[in-house]
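To keep things clear, I will list the structure first and then write my remarks on it.
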There are 2 protein chains.
Amino acid sequence: MTQQRIYNFNAGPAALPLQVLQEIQTSFLNFDNSGMSITEISHRSSYFDDVINDAVARAKRLLNLDDRFHVLFIQGGASLQFAMVPMNFLSSDDTADYIDTGTWSTKAITEAKIQNKNYTVVASSEENNFSYIPKNIQFSENAKYVHLTSNNTIKGTQFHEFPDTKGIPIVCDMSSDIFSRSLDMEKFGLIYAGAQKNLGPSGTCMVIIRQDMLDMANENLPSMLKYSTYSSKNSMYNTPPCFGIYTIDLVLKWIEEEMGGLEKIEEYNRQKAALLYDFMGSTSFYNATAQEDSRSLMNVTFRLPTEAQEKLFVAKAMENGFGGLKGHRSVGGCRASIYNAATMESIDNLIKFMETFAEENK
Amino acid sequence: MTQQRIYNFNAGPAALPLQVLQEIQTSFLNFDNSGMSITEISHRSSYFDDVINDAVARAKRLLNLDDRFHVLFIQGGASLQFAMVPMNFLSSDDTADYIDTGTWSTKAITEAKIQNKNYTVVASSEENNFSYIPKNIQFSENAKYVHLTSNNTIKGTQFHEFPDTKGIPIVCDMSSDIFSRSLDMEKFGLIYAGAQKNLGPSGTCMVIIRQDMLDMANENLPSMLKYSTYSSKNSMYNTPPCFGIYTIDLVLKWIEEEMGGLEKIEEYNRQKAALLYDFMGSTSFYNATAQEDSRSLMNVTFRLPTEAQEKLFVAKAMENGFGGLKGHRSVGGCRASIYNAATMESIDNLIKFMETFAEENK
């Protein structure tokens, strides 16, 4: 059936590495000679201990995390993190800084507001339709954290350098570019990432939290809403999303053992994005929407001359085996999401299709 | 590989119907001719709309739910529901009644307490090690809801009749016996069930909520923690746990189309449990721990004469292809969890093994 698979440019849930999917399929009725499916094994078994411990160890190796960092798996996606972050770190006297690069950042701000927390939006690119990443930001001296979204899937923008916050820990929604590049972790107090773009299936959120953030978190919260519940129980206070964690483990193994780690995959991702942006730059038919210095390596957003041409482009692409190229319903246009699992072959073939389409429809 | 599968008596995550697992496996690289895995399709696609709508429709048909009831999918398991229920329904002047049948009920009470909510524990079987289900309970006139756990996986007890609460809606944790029997839904204002026993993989919790409960829920809460977020967006305010919902849909299809619905599966479950309890009753070697009128049809808890024999029993069972028979670490002993997917064949063979073991080790 593999030959009937499409080139999948979905924004999320998104393409996963074929060999990861094949491994899941092959062992689906009998995981690790347990005589059970991965969906049927106890989370209290040594089978699952091996899975979750391997996933944590691989994440720590890939990101060069020292013992101050805890890797957790929490349900509810980035959307629950929008609420958990202010809930855990802001008591009534505290305040936090937020950078608004649109959509997800805006939602994160809304969840702080719902809880009547103090915060300052220290930078926003709203006045230019969120088409760029703000620079030269002044942060509040007393901020407990600075929240930002590293990559905006809808606007097609990405932080290529993280701001100097003068020691204030960055809390970062990295849902759409985690493990796509190497990182200097010293700046980050907490990173969270819904799995469904670069990591695995939807329903599992990876949270990486530094010990000093844990130490200052509010303990007087419902058990499932405080980070210490997860850090003290290796993410197994209750039954974790086992299938999601298992898939994440296989994806991290693929990054480590097949792709050669984060520096290699970053290079690969840069090449893929450059091919696509350079091709579009060479035409007057396809126009990238994000400003050049803020363009995402993960989500390439672009417009065609008319909406009618865009509609035809998406339809014809699907007919030719290229899926997921429609822009988000909130902004329109087109988008190619090219996360870790998108292959160079898929980009090459997409560009060939785009050339032909432009030729036939300009 | 199917021939290497064991008889799986895990308490949860637990056995799933073999034909459901086989369908997942077969279509894992190409779901519904989409050219993508179920883990790669967009939750905003018609492919996934069909899945979630089918799951909701099947749940409503199986339980004879009218339009007052909403079927939702929420992450975080029953443990998050322990907190969401008082958060949504108890403002500072309100109070609720809780029935404590151990473990999960106790945790639900703890989460109301953490939030400083008013509540009354109107009945408890703690004085007898939670070995029975309390009867003849007096409820508070002003309770907003009565919370109970329909089946206790660890103590092996189950409500066979639900109490007459004089119109106060029952909020029920049905994680371990949902869809195992037919139900009179008139008594229930809200039912929640972590999927990993009778429904699917861990990581998805089904919530069935009646409109009048929704109408009285607190709206001033983080988006991911209020029921209206899920009911107003068909459980897709953010990316839902797609693989879990897909598997639940297949399990509900299996119940409806292969097993013949809830009355049939209830009959089957009664037969399976009766076989096991009757066999143990005929021996002096195996002793069921729950009181006779409170025995669970889902989790058969029992003791052998000595702890050494129990340890040997669990080990020898595993050697012979019977997994998951160790009792919960908090109570010891043995346990056979025989949810919907446990076959009569597995019970027959387990009893044969138990006979032989008793003969050789008495």
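Starting from 1 in every chain, residues are counted up; chains themselves are A, B, ... following the order of the structure tokens, and ligands are numbered from 1 as listed.
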
If you count only C-alpha atoms, which residues fall within 8 Å of Ala288 (chain A), apart from same-chain ones fewer than 5 positions away, as a compact mmCIF listing (two decimals) with all heavy atoms, in the first residue's frame?
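Here's the written file selection21.txt:
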# COMPACT_ATOMS: atom_id res chain seq x y z
N TYR A 277 11.62 28.31 -1.07
CA TYR A 277 11.60 29.79 -1.09
C TYR A 277 12.34 30.33 -2.32
O TYR A 277 11.91 31.29 -2.96
CB TYR A 277 12.21 30.35 0.19
CG TYR A 277 11.30 30.26 1.41
CD1 TYR A 277 11.66 29.49 2.52
CD2 TYR A 277 10.10 30.98 1.46
CE1 TYR A 277 10.85 29.42 3.64
CE2 TYR A 277 9.28 30.91 2.59
CZ TYR A 277 9.66 30.13 3.68
OH TYR A 277 8.85 30.07 4.78
N MET A 280 10.20 29.96 -5.37
CA MET A 280 9.12 30.95 -5.41
C MET A 280 9.67 32.34 -5.75
O MET A 280 9.05 33.10 -6.50
CB MET A 280 8.35 30.95 -4.09
CG MET A 280 7.59 29.65 -3.87
SD MET A 280 6.24 29.78 -2.68
CE MET A 280 7.18 30.12 -1.21
N GLY A 281 10.86 32.65 -5.18
CA GLY A 281 11.48 33.95 -5.45
C GLY A 281 11.83 34.14 -6.92
O GLY A 281 11.92 35.28 -7.41
N VAL A 300 5.71 26.98 4.94
CA VAL A 300 5.96 27.93 3.86
C VAL A 300 4.60 28.43 3.37
O VAL A 300 3.86 27.70 2.70
CB VAL A 300 6.76 27.25 2.73
CG1 VAL A 300 6.96 28.21 1.57
CG2 VAL A 300 8.09 26.74 3.27
N THR A 301 4.27 29.67 3.72
CA THR A 301 2.97 30.24 3.34
C THR A 301 3.15 31.12 2.12
O THR A 301 4.11 31.87 2.02
CB THR A 301 2.39 31.07 4.49
OG1 THR A 301 3.37 32.02 4.93
CG2 THR A 301 2.01 30.19 5.67
N PHE A 302 2.24 31.01 1.18
CA PHE A 302 2.38 31.78 -0.07
C PHE A 302 1.03 32.03 -0.72
O PHE A 302 0.02 31.40 -0.39
CB PHE A 302 3.33 31.05 -1.04
CG PHE A 302 2.93 29.64 -1.38
CD1 PHE A 302 2.25 29.34 -2.57
CD2 PHE A 302 3.24 28.57 -0.53
CE1 PHE A 302 1.90 28.03 -2.90
CE2 PHE A 302 2.88 27.26 -0.85
CZ PHE A 302 2.22 26.99 -2.03
N ARG A 303 1.02 33.02 -1.60
CA ARG A 303 -0.19 33.38 -2.33
C ARG A 303 0.07 33.22 -3.83
O ARG A 303 1.21 33.31 -4.29
CB ARG A 303 -0.59 34.84 -2.07
CG ARG A 303 -0.76 35.26 -0.63
CD ARG A 303 -1.91 34.67 0.11
NE ARG A 303 -3.18 34.62 -0.57
CZ ARG A 303 -4.34 34.99 0.01
NH1 ARG A 303 -4.36 35.50 1.23
NH2 ARG A 303 -5.47 34.85 -0.64

**OP:** Name the residues of region 62-231 of chain B that come out as alpha helix (DSSP H) in a backbone DSSP run; write them as a PyMOL selection string.
**Re:** chain B and resi 62+77-89+104-114+211-215+227-231

Return as a Markdown table the residues of chain A lying at most 6 Å from chain B, together with the closest atom-to-atom pair for each and the distance in Å to one decimal, counting only C-alpha atoms, with rows in chain order and ascending residue number.
| residue | atom | partner | partner_atom | distance |
| --- | --- | --- | --- | --- |
| A:Gln4 | CA | B:Gly35 | CA | 5.7 |
| A:Arg5 | CA | B:Gly35 | CA | 3.9 |
| A:Ile6 | CA | B:Gly35 | CA | 4.9 |
| A:Pro13 | CA | B:Glu40 | CA | 5.1 |
| A:Ala14 | CA | B:Glu40 | CA | 4.7 |
| A:Ala15 | CA | B:Glu40 | CA | 5.2 |
| A:Gln25 | CA | B:Gln25 | CA | 5.4 |
| A:Gly35 | CA | B:Arg5 | CA | 3.9 |
| A:Met36 | CA | B:Arg5 | CA | 6.0 |
| A:Thr39 | CA | B:Pro201 | CA | 5.2 |
| A:Glu40 | CA | B:Ala14 | CA | 4.7 |
| A:Ile41 | CA | B:Pro13 | CA | 5.8 |
| A:Ser42 | CA | B:Pro13 | CA | 5.3 |
| A:Gln75 | CA | B:Gly76 | CA | 5.3 |
| A:Gly76 | CA | B:Gln75 | CA | 5.3 |
| A:Leu80 | CA | B:Met224 | CA | 5.8 |
| A:Pro201 | CA | B:Thr39 | CA | 5.2 |
| A:Ser202 | CA | B:Pro241 | CA | 5.1 |
| A:Gly203 | CA | B:Pro241 | CA | 4.2 |
| A:Met224 | CA | B:Leu80 | CA | 5.8 |
| A:Pro241 | CA | B:Gly203 | CA | 4.2 |

Write out, as a compact mmCIF listing (two decimals), in the first residue's frame, the residues just selected, with N, CA and C atoms.
# COMPACT_ATOMS: atom_id res chain seq x y z
N GLN A 4 0.61 3.88 -2.72
CA GLN A 4 -0.56 4.75 -2.87
C GLN A 4 -0.51 5.94 -1.92
N ARG A 5 0.57 6.07 -1.17
CA ARG A 5 0.65 7.19 -0.23
C ARG A 5 0.89 8.51 -0.98
N ILE A 6 0.35 9.59 -0.43
CA ILE A 6 0.51 10.90 -1.07
C ILE A 6 1.71 11.63 -0.47
N PRO A 13 -2.39 17.39 12.48
CA PRO A 13 -1.50 16.25 12.34
C PRO A 13 -0.85 16.22 10.96
N ALA A 14 0.40 15.76 10.95
CA ALA A 14 1.24 15.90 9.77
C ALA A 14 1.94 14.58 9.44
N ALA A 15 2.69 14.61 8.35
CA ALA A 15 3.42 13.42 7.90
C ALA A 15 4.35 12.89 9.00
N GLN A 25 3.19 -0.56 12.40
CA GLN A 25 2.29 -1.51 11.74
C GLN A 25 2.75 -2.95 11.95
N GLY A 35 3.15 -10.38 23.25
CA GLY A 35 1.88 -11.05 22.97
C GLY A 35 0.70 -10.09 23.03
N MET A 36 0.99 -8.79 23.12
CA MET A 36 -0.06 -7.77 23.22
C MET A 36 0.28 -6.62 22.27
N THR A 39 -1.17 -0.89 22.38
CA THR A 39 -2.38 -0.28 22.96
C THR A 39 -2.97 -1.13 24.09
N GLU A 40 -2.41 -2.33 24.32
CA GLU A 40 -2.98 -3.24 25.32
C GLU A 40 -2.05 -3.50 26.50
N ILE A 41 -0.82 -2.99 26.44
CA ILE A 41 0.12 -3.28 27.53
C ILE A 41 -0.09 -2.32 28.70
N SER A 42 0.19 -2.80 29.89
CA SER A 42 0.03 -1.96 31.08
C SER A 42 1.11 -0.90 31.12
N GLN A 75 -1.22 15.46 28.66
CA GLN A 75 -2.30 15.48 27.67
C GLN A 75 -2.88 16.90 27.54
N GLY A 76 -3.72 17.10 26.54
CA GLY A 76 -4.41 18.38 26.39
C GLY A 76 -3.78 19.32 25.39
N LEU A 80 -3.79 23.31 26.50
CA LEU A 80 -3.84 23.20 27.96
C LEU A 80 -2.63 23.88 28.59
N PRO A 201 1.67 11.38 16.97
CA PRO A 201 0.24 11.62 16.78
C PRO A 201 -0.27 12.68 17.76
N SER A 202 -1.42 13.26 17.47
CA SER A 202 -2.04 14.22 18.38
C SER A 202 -2.43 13.53 19.68
N GLY A 203 -2.50 14.30 20.76
CA GLY A 203 -2.95 13.75 22.05
C GLY A 203 -1.84 13.65 23.08
N MET A 224 -3.80 17.11 38.24
CA MET A 224 -3.48 16.97 36.81
C MET A 224 -3.04 18.29 36.19
N PRO A 241 -0.75 8.72 27.82
CA PRO A 241 -1.14 8.37 26.45
C PRO A 241 -0.06 7.46 25.84

**OP:** Give me the residues within 9 Å of region 50-66 of chain A as a ChimeraX atom specification, counting only C-alpha atoms and dropping any in the same chain fewer than 3 places off.
**Re:** /A:45-47,69-72,179,182-185,234-235,242,245-246,248-250,252-253,255-256,261-262

Original post:
So which one's closest to Ala358 (chain B), B:Leu304, B:Leu325, B:Val20, B:Met213? Using only C-alpha atoms, please.
Top reply: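 Ranked by minimum distance to Ala358 (chain B), first place goes to B:Leu304.
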
**OP:** Go ahead and compute the interatomic distance for CA of Phe159 (chain A) and CA of Ser231 (chain A), in Å to one decimal.
**Re:**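 If I compute the distance from CA of Phe159 (chain A) to CA of Ser231 (chain A), I get 28.4 Å.
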
Original post:
Hey, what's within 12 Å of region 102-104 of chain B if we count only C-alpha atoms and toss same-chain stuff fewer than 5 positions away? As number ranges by chain, please?
Top reply: A: 238; B: 77-82, 109-111, 121, 123-134, 147-158, 172-176, 193-194, 328, 330-331

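Separating CA of Tyr286 (chain B) from CA of Asn340 (chain B) is a distance of 23.3 Å.
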
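The coordinates place CA of Gly167 (chain B) at 21.8 Å from CA of Tyr227 (chain B).
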
Subject >> Members of region 24-244 of chain A assigned strand (DSSP E) by DSSP, as a VMD selection string >> reply: chain A and resid 69 to 74 95 to 100 118 to 124 143 to 149 151 to 152 157 to 158 170 to 173 188 to 194 205 to 210

**OP:** Find the residues near Leu90 (chain A): any atom within 9 Å, counting only C-alpha atoms, skip ones fewer than 5 places away on the same chain, and give them as a PyMOL selection string.
**Re:** chain A and resi 85+95-96+117-118+144+217-218
